[in-house]
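What follows is target_32.cif (mmCIF, C-alpha atoms).
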data_model
loop_
_atom_site.label_atom_id
_atom_site.label_comp_id
_atom_site.auth_asym_id
_atom_site.auth_seq_id
_atom_site.Cartn_x
_atom_site.Cartn_y
_atom_site.Cartn_z
CA ASP D 1 -2.60 -10.02 -1.52
CA THR D 2 -5.43 -12.26 -0.39
CA ALA D 3 -4.13 -14.88 2.03
CA VAL D 4 -6.68 -17.60 1.22
CA SER D 5 -8.45 -17.19 -2.08
CA GLN D 6 -11.14 -19.37 -3.54
CA THR D 7 -12.95 -19.30 -6.87
CA PRO D 8 -15.63 -18.95 -7.93
CA LYS D 9 -17.31 -16.79 -5.30
CA TYR D 10 -20.77 -17.49 -6.68
CA LEU D 11 -21.88 -20.56 -8.57
CA VAL D 12 -25.38 -21.43 -9.77
CA THR D 13 -25.76 -24.80 -11.44
CA GLN D 14 -28.31 -27.44 -12.23
CA MET D 15 -28.87 -30.70 -10.43
CA GLY D 16 -26.76 -33.52 -11.77
CA ASN D 17 -23.89 -31.31 -12.91
CA ASP D 18 -20.28 -31.67 -11.79
CA LYS D 19 -18.48 -28.61 -10.47
CA SER D 20 -15.18 -27.65 -8.86
CA ILE D 21 -14.16 -24.97 -6.40
CA LYS D 22 -10.52 -23.98 -6.33
CA CYS D 23 -8.57 -22.76 -3.33
CA GLU D 24 -5.09 -21.34 -2.96
CA GLN D 25 -3.25 -19.97 0.07
CA ASN D 26 -0.11 -17.83 0.02
CA LEU D 27 0.61 -18.02 3.76
CA GLY D 28 3.09 -20.87 3.47
CA HIS D 29 0.84 -23.09 5.59
CA ASP D 30 1.00 -26.86 5.38
CA THR D 31 -2.59 -27.66 6.41
CA MET D 32 -5.73 -26.83 4.46
CA TYR D 33 -9.41 -27.44 5.07
CA TRP D 34 -12.85 -27.35 3.52
CA TYR D 35 -15.78 -26.29 5.66
CA LYS D 36 -19.46 -26.23 4.73
CA GLN D 37 -21.87 -23.60 6.04
CA ASP D 38 -25.51 -24.56 5.69
CA SER D 39 -28.57 -22.34 5.38
CA LYS D 40 -28.75 -22.01 9.17
CA LYS D 41 -25.17 -20.70 9.22
CA PHE D 42 -23.84 -23.84 10.88
CA LEU D 43 -20.18 -24.49 10.04
CA LYS D 44 -18.87 -28.02 9.81
CA ILE D 45 -15.52 -29.35 8.71
CA MET D 46 -15.54 -31.60 5.66
CA PHE D 47 -11.88 -32.36 4.98
CA SER D 48 -8.43 -31.42 6.12
CA TYR D 49 -5.10 -32.04 4.43
CA ASN D 50 -1.64 -31.81 5.95
CA ASN D 51 1.25 -31.73 3.49
CA LYS D 52 -1.07 -33.02 0.76
CA GLU D 53 -2.20 -35.97 2.87
CA LEU D 54 -5.81 -36.42 3.86
CA ILE D 55 -6.16 -36.12 7.64
CA ILE D 56 -9.87 -35.63 8.19
CA ASN D 57 -12.68 -36.97 6.06
CA GLU D 58 -15.91 -36.32 7.87
CA THR D 59 -19.15 -38.00 6.97
CA VAL D 60 -19.41 -36.47 3.54
CA PRO D 61 -20.96 -38.15 0.48
CA ASN D 62 -18.32 -39.60 -1.80
CA ARG D 63 -19.62 -37.29 -4.52
CA PHE D 64 -17.32 -34.78 -2.83
CA SER D 65 -13.67 -35.32 -3.66
CA PRO D 66 -10.90 -33.01 -2.47
CA LYS D 67 -7.65 -32.84 -4.36
CA SER D 68 -4.42 -31.28 -3.15
CA PRO D 69 -1.85 -30.96 -5.94
CA ASP D 70 0.56 -29.19 -3.58
CA LYS D 71 0.61 -27.66 -0.10
CA ALA D 72 -0.72 -24.32 -1.35
CA HIS D 73 -3.79 -25.68 -3.13
CA LEU D 74 -6.84 -27.68 -2.10
CA ASN D 75 -9.60 -28.01 -4.65
CA LEU D 76 -13.06 -29.43 -4.08
CA HIS D 77 -14.80 -31.38 -6.82
CA ILE D 78 -18.47 -32.26 -6.52
CA ASN D 79 -20.14 -34.83 -8.76
CA SER D 80 -23.84 -35.21 -9.51
CA LEU D 81 -24.88 -32.11 -7.61
CA GLU D 82 -28.04 -32.29 -5.52
CA LEU D 83 -30.33 -29.58 -4.18
CA GLY D 84 -29.05 -30.25 -0.66
CA ASP D 85 -25.52 -29.35 -1.71
CA SER D 86 -26.55 -25.69 -1.84
CA ALA D 87 -24.42 -23.99 0.80
CA VAL D 88 -21.41 -21.78 1.32
CA TYR D 89 -18.11 -23.63 1.11
CA PHE D 90 -15.12 -22.16 2.91
CA CYS D 91 -11.53 -23.03 2.28
CA ALA D 92 -9.09 -22.43 5.14
CA SER D 93 -5.46 -22.97 6.08
CA SER D 94 -3.21 -23.17 9.12
CA GLN D 95 0.31 -24.16 10.07
CA TRP D 96 0.68 -27.51 11.79
CA GLY D 97 2.50 -27.18 15.08
CA ASP D 98 1.80 -23.49 15.61
CA THR D 99 0.42 -23.03 19.09
CA GLY D 100 -3.32 -22.95 18.80
CA ASN D 101 -3.05 -23.30 15.02
CA THR D 102 -5.06 -20.25 14.07
CA ILE D 103 -7.09 -21.06 11.02
CA TYR D 104 -7.46 -18.47 8.27
CA PHE D 105 -10.53 -18.59 6.07
CA GLY D 106 -11.20 -17.64 2.50
CA GLU D 107 -14.13 -15.47 1.46
CA GLY D 108 -16.38 -18.42 0.71
CA SER D 109 -18.00 -19.88 -2.40
CA TRP D 110 -21.78 -19.58 -2.56
CA LEU D 111 -23.11 -22.66 -4.35
CA THR D 112 -26.74 -22.77 -5.45
CA VAL D 113 -28.09 -25.92 -7.05
CA VAL D 114 -31.36 -25.48 -8.96
CA ALA S 1 -14.43 -34.92 21.71
CA GLN S 2 -15.04 -31.20 21.58
CA SER S 3 -18.21 -29.15 21.45
CA VAL S 4 -19.28 -25.53 21.66
CA THR S 5 -22.58 -24.12 22.81
CA GLN S 6 -23.60 -20.58 21.98
CA LEU S 7 -26.58 -20.00 24.17
CA ASP S 8 -28.20 -17.19 22.18
CA SER S 9 -29.02 -17.48 18.50
CA GLN S 10 -29.85 -13.79 18.30
CA VAL S 11 -28.94 -10.80 20.49
CA PRO S 12 -30.54 -7.39 19.84
CA VAL S 13 -28.72 -4.45 21.40
CA PHE S 14 -29.11 -0.70 21.13
CA GLU S 15 -26.26 1.25 19.61
CA GLU S 16 -23.60 2.37 22.14
CA ALA S 17 -24.84 -0.16 24.70
CA PRO S 18 -22.59 -2.94 26.01
CA VAL S 19 -23.00 -6.51 24.79
CA GLU S 20 -21.99 -9.99 25.90
CA LEU S 21 -22.19 -13.01 23.63
CA ARG S 22 -22.06 -16.26 25.54
CA CYS S 23 -20.03 -19.33 24.69
CA ASN S 24 -19.51 -22.57 26.63
CA TYR S 25 -17.20 -25.31 25.50
CA SER S 26 -16.36 -28.91 26.19
CA SER S 27 -12.96 -30.35 25.39
CA SER S 28 -10.96 -33.38 26.49
CA VAL S 29 -7.64 -31.99 25.26
CA SER S 30 -5.75 -28.72 25.48
CA VAL S 31 -8.16 -25.87 25.11
CA TYR S 32 -7.66 -23.34 22.37
CA LEU S 33 -10.60 -20.99 21.95
CA PHE S 34 -11.50 -18.59 19.19
CA TRP S 35 -14.09 -16.03 18.24
CA TYR S 36 -14.73 -15.35 14.57
CA VAL S 37 -16.99 -12.72 13.00
CA GLN S 38 -18.84 -13.06 9.71
CA TYR S 39 -20.25 -9.92 8.14
CA PRO S 40 -23.12 -10.36 5.65
CA ASN S 41 -22.04 -12.25 2.52
CA GLN S 42 -18.43 -12.35 3.64
CA GLY S 43 -15.96 -14.87 4.98
CA LEU S 44 -14.86 -15.49 8.56
CA GLN S 45 -12.50 -13.06 10.25
CA LEU S 46 -10.63 -13.87 13.45
CA LEU S 47 -11.64 -11.53 16.29
CA LEU S 48 -9.48 -12.98 19.05
CA LYS S 49 -8.11 -16.20 20.47
CA TYR S 50 -7.12 -17.76 23.77
CA LEU S 51 -4.17 -20.11 23.74
CA SER S 52 -2.70 -19.80 27.25
CA GLY S 53 -1.67 -17.20 29.80
CA SER S 54 -3.88 -14.24 30.72
CA THR S 55 -7.50 -15.19 30.82
CA LEU S 56 -8.61 -11.82 29.46
CA VAL S 57 -7.97 -11.64 25.76
CA LYS S 58 -8.27 -8.48 23.70
CA GLY S 59 -9.11 -8.59 20.02
CA ILE S 60 -9.86 -6.35 17.10
CA ASN S 61 -12.65 -3.77 16.88
CA GLY S 62 -12.75 -3.26 20.65
CA PHE S 63 -13.86 -6.79 21.51
CA GLU S 64 -12.50 -8.83 24.40
CA ALA S 65 -13.21 -12.25 25.85
CA GLU S 66 -12.56 -13.93 29.16
CA PHE S 67 -11.57 -17.56 29.53
CA ASN S 68 -13.11 -19.16 32.61
CA LYS S 69 -11.90 -22.70 33.10
CA SER S 70 -14.14 -23.54 36.05
CA GLN S 71 -17.24 -22.49 34.14
CA THR S 72 -15.89 -23.75 30.80
CA SER S 73 -16.86 -20.44 29.25
CA PHE S 74 -15.35 -17.96 26.82
CA HIS S 75 -17.81 -15.07 26.63
CA LEU S 76 -17.26 -12.21 24.19
CA ARG S 77 -17.84 -8.63 25.29
CA LYS S 78 -17.77 -5.11 23.93
CA PRO S 79 -18.43 -2.05 26.10
CA SER S 80 -20.13 0.00 23.37
CA VAL S 81 -21.42 -1.38 20.08
CA HIS S 82 -21.83 0.32 16.73
CA ILE S 83 -24.11 -0.33 13.79
CA SER S 84 -21.10 -1.77 11.95
CA ASP S 85 -20.87 -4.58 14.52
CA THR S 86 -24.00 -6.16 13.09
CA ALA S 87 -22.82 -9.63 12.07
CA GLU S 88 -22.80 -13.31 12.93
CA TYR S 89 -20.36 -14.26 15.69
CA PHE S 90 -18.94 -17.76 16.03
CA CYS S 91 -17.19 -19.29 18.99
CA ALA S 92 -14.88 -22.21 18.21
CA VAL S 93 -12.65 -24.68 20.03
CA GLY S 94 -9.75 -26.76 18.77
CA GLY S 95 -7.02 -26.22 16.27
CA GLY S 96 -4.49 -28.25 14.38
CA ALA S 97 -5.24 -30.66 11.57
CA ASP S 98 -8.45 -31.65 13.36
CA GLY S 99 -9.70 -28.17 12.55
CA LEU S 100 -12.14 -26.18 14.59
CA THR S 101 -15.44 -27.15 16.13
CA PHE S 102 -17.82 -24.24 15.85
CA GLY S 103 -20.86 -23.16 17.80
CA LYS S 104 -24.06 -22.45 15.92
CA GLY S 105 -23.40 -18.73 15.88
CA THR S 106 -25.01 -15.67 17.46
CA HIS S 107 -26.54 -13.02 15.26
CA LEU S 108 -25.80 -9.62 16.79
CA ILE S 109 -28.39 -7.05 15.79
CA ILE S 110 -27.62 -3.41 16.55
CA GLN S 111 -30.66 -1.18 16.88
CA PRO S 112 -30.32 2.59 16.37
#
Representation of the structure as structure tokens:
Amino acid sequence: DTAVSQTPKYLVTQMGNDKSIKCEQNLGHDTMYWYKQDSKKFLKIMFSYNNKELIINETVPNRFSPKSPDKAHLNLHINSLELGDSAVYFCASSQWGDTGNTIYFGEGSWLTVV
Amino acid sequence: AQSVTQLDSQVPVFEEAPVELRCNYSSSVSVYLFWYVQYPNQGLQLLLKYLSGSTLVKGINGFEAEFNKSQTSFHLRKPSVHISDTAEYFCAVGGGADGLTFGKGTHLIIQP
């Protein structure tokens, strides 16, 4: 069983569209994240949720809206997609309070905006 | 505030040679350090981590790293690399709901 799974893995869409990426973890963790990896491979945190509450909201355009219906899911909705949104988006999870809080990543969602 | 510097963006190494990937960190809180590997078109896989205790940490695939507090470093090493080690390697600091702060990555290129 995949620990952190996200869908779709590949997404090609036109500018101006709205799209969602779904993420689910079966590790029983209470904290989930979204990271963005740009074309230069740089990884930066976008959001983190602990027990469905938003903890981190980095400087991200408000076209990006995370939604956590329960502890095991954190979806990412993007409105009015722009060319610059093309990137790989990684979902991740960890357990709050675990020493060092190892973060487990999904396989990534490759978003291409044309 | 936390930050990570990976000094080399690219490291070419011949197969079966040793390799060291350098990582320096800055952190104002407890230091938890990680190395992740990303194979082409795949997600991030944890190689090893330092939380406390022994400064020499062993990970998967024959990799190890040494935590050096005085030099604020956490360099990754492998005594003999294989073609299959070709990947992007990321050093990271942090943990918890604040997530991880990553370095910019080092692309390890194994030459036959």
*Name every residue that the PyMOL selection byres ((chain D) within 9 of (chain S)) selects in this structure, writing the answer as a ChimeraX atom specification with chains first and numbers rising.*
/D:31-33,40-45,47-50,55-56,90,94-108,110
*asked:* Would you pick out the contacts of S:Asp85 at 10 Å or less, using all atoms listed in the file, so that residues sharing its chain but fewer than 6 positions from it are not included, and give the list as number ranges by chain?
replied: S: 15, 37-39, 61, 78, 108-110
_On this structure, the PyMOL selection byres ((chain S and resi 75) around 12) would catch which residues? List them as an MDAnalysis selection string, sorted by chain and number._
chainID S and resid 4:8 19:25 33:35 48:50 55:58 63:69 71:74 76:78 89:92 106
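Straight-line separation from atom CA of D:Met15 to atom CA of D:Ala87: 13.8 Å.
Here atom CA of D:Ala92 is placed at a distance of 10.3 Å from atom CA of D:His73.
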*Selection under test: the PyMOL selection byres ((chain S and resi 81) around 6); residues as a count of residues only*: 5
*So what do you get for atom CA of D:Thr7 versus atom CA of D:Lys22, distance-wise?*
5.3 Å
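With distances restricted to only C-alpha atoms, D:Leu74 is the closest residue to D:Gln25 from D:Tyr89, D:Gln37, D:Leu74, D:Thr112.
With distances restricted to only C-alpha atoms, D:Asn51 is the closest residue to D:Gly28 from D:Asn51, D:Asn62, D:His77, D:Leu111.
Considering the residues D:Gln14, D:Asn26, D:Ser68, D:Ser5 and counting only C-alpha atoms, D:Leu81 has its shortest atom-to-atom contact with D:Gln14.
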*Spatial neighbours of S:Ala1, max dist 9 Å, all atoms listed in the file, sep filter under 4 positions, as a list in words*: Ser26, Ser27, Ser28 and Val29 of chain S
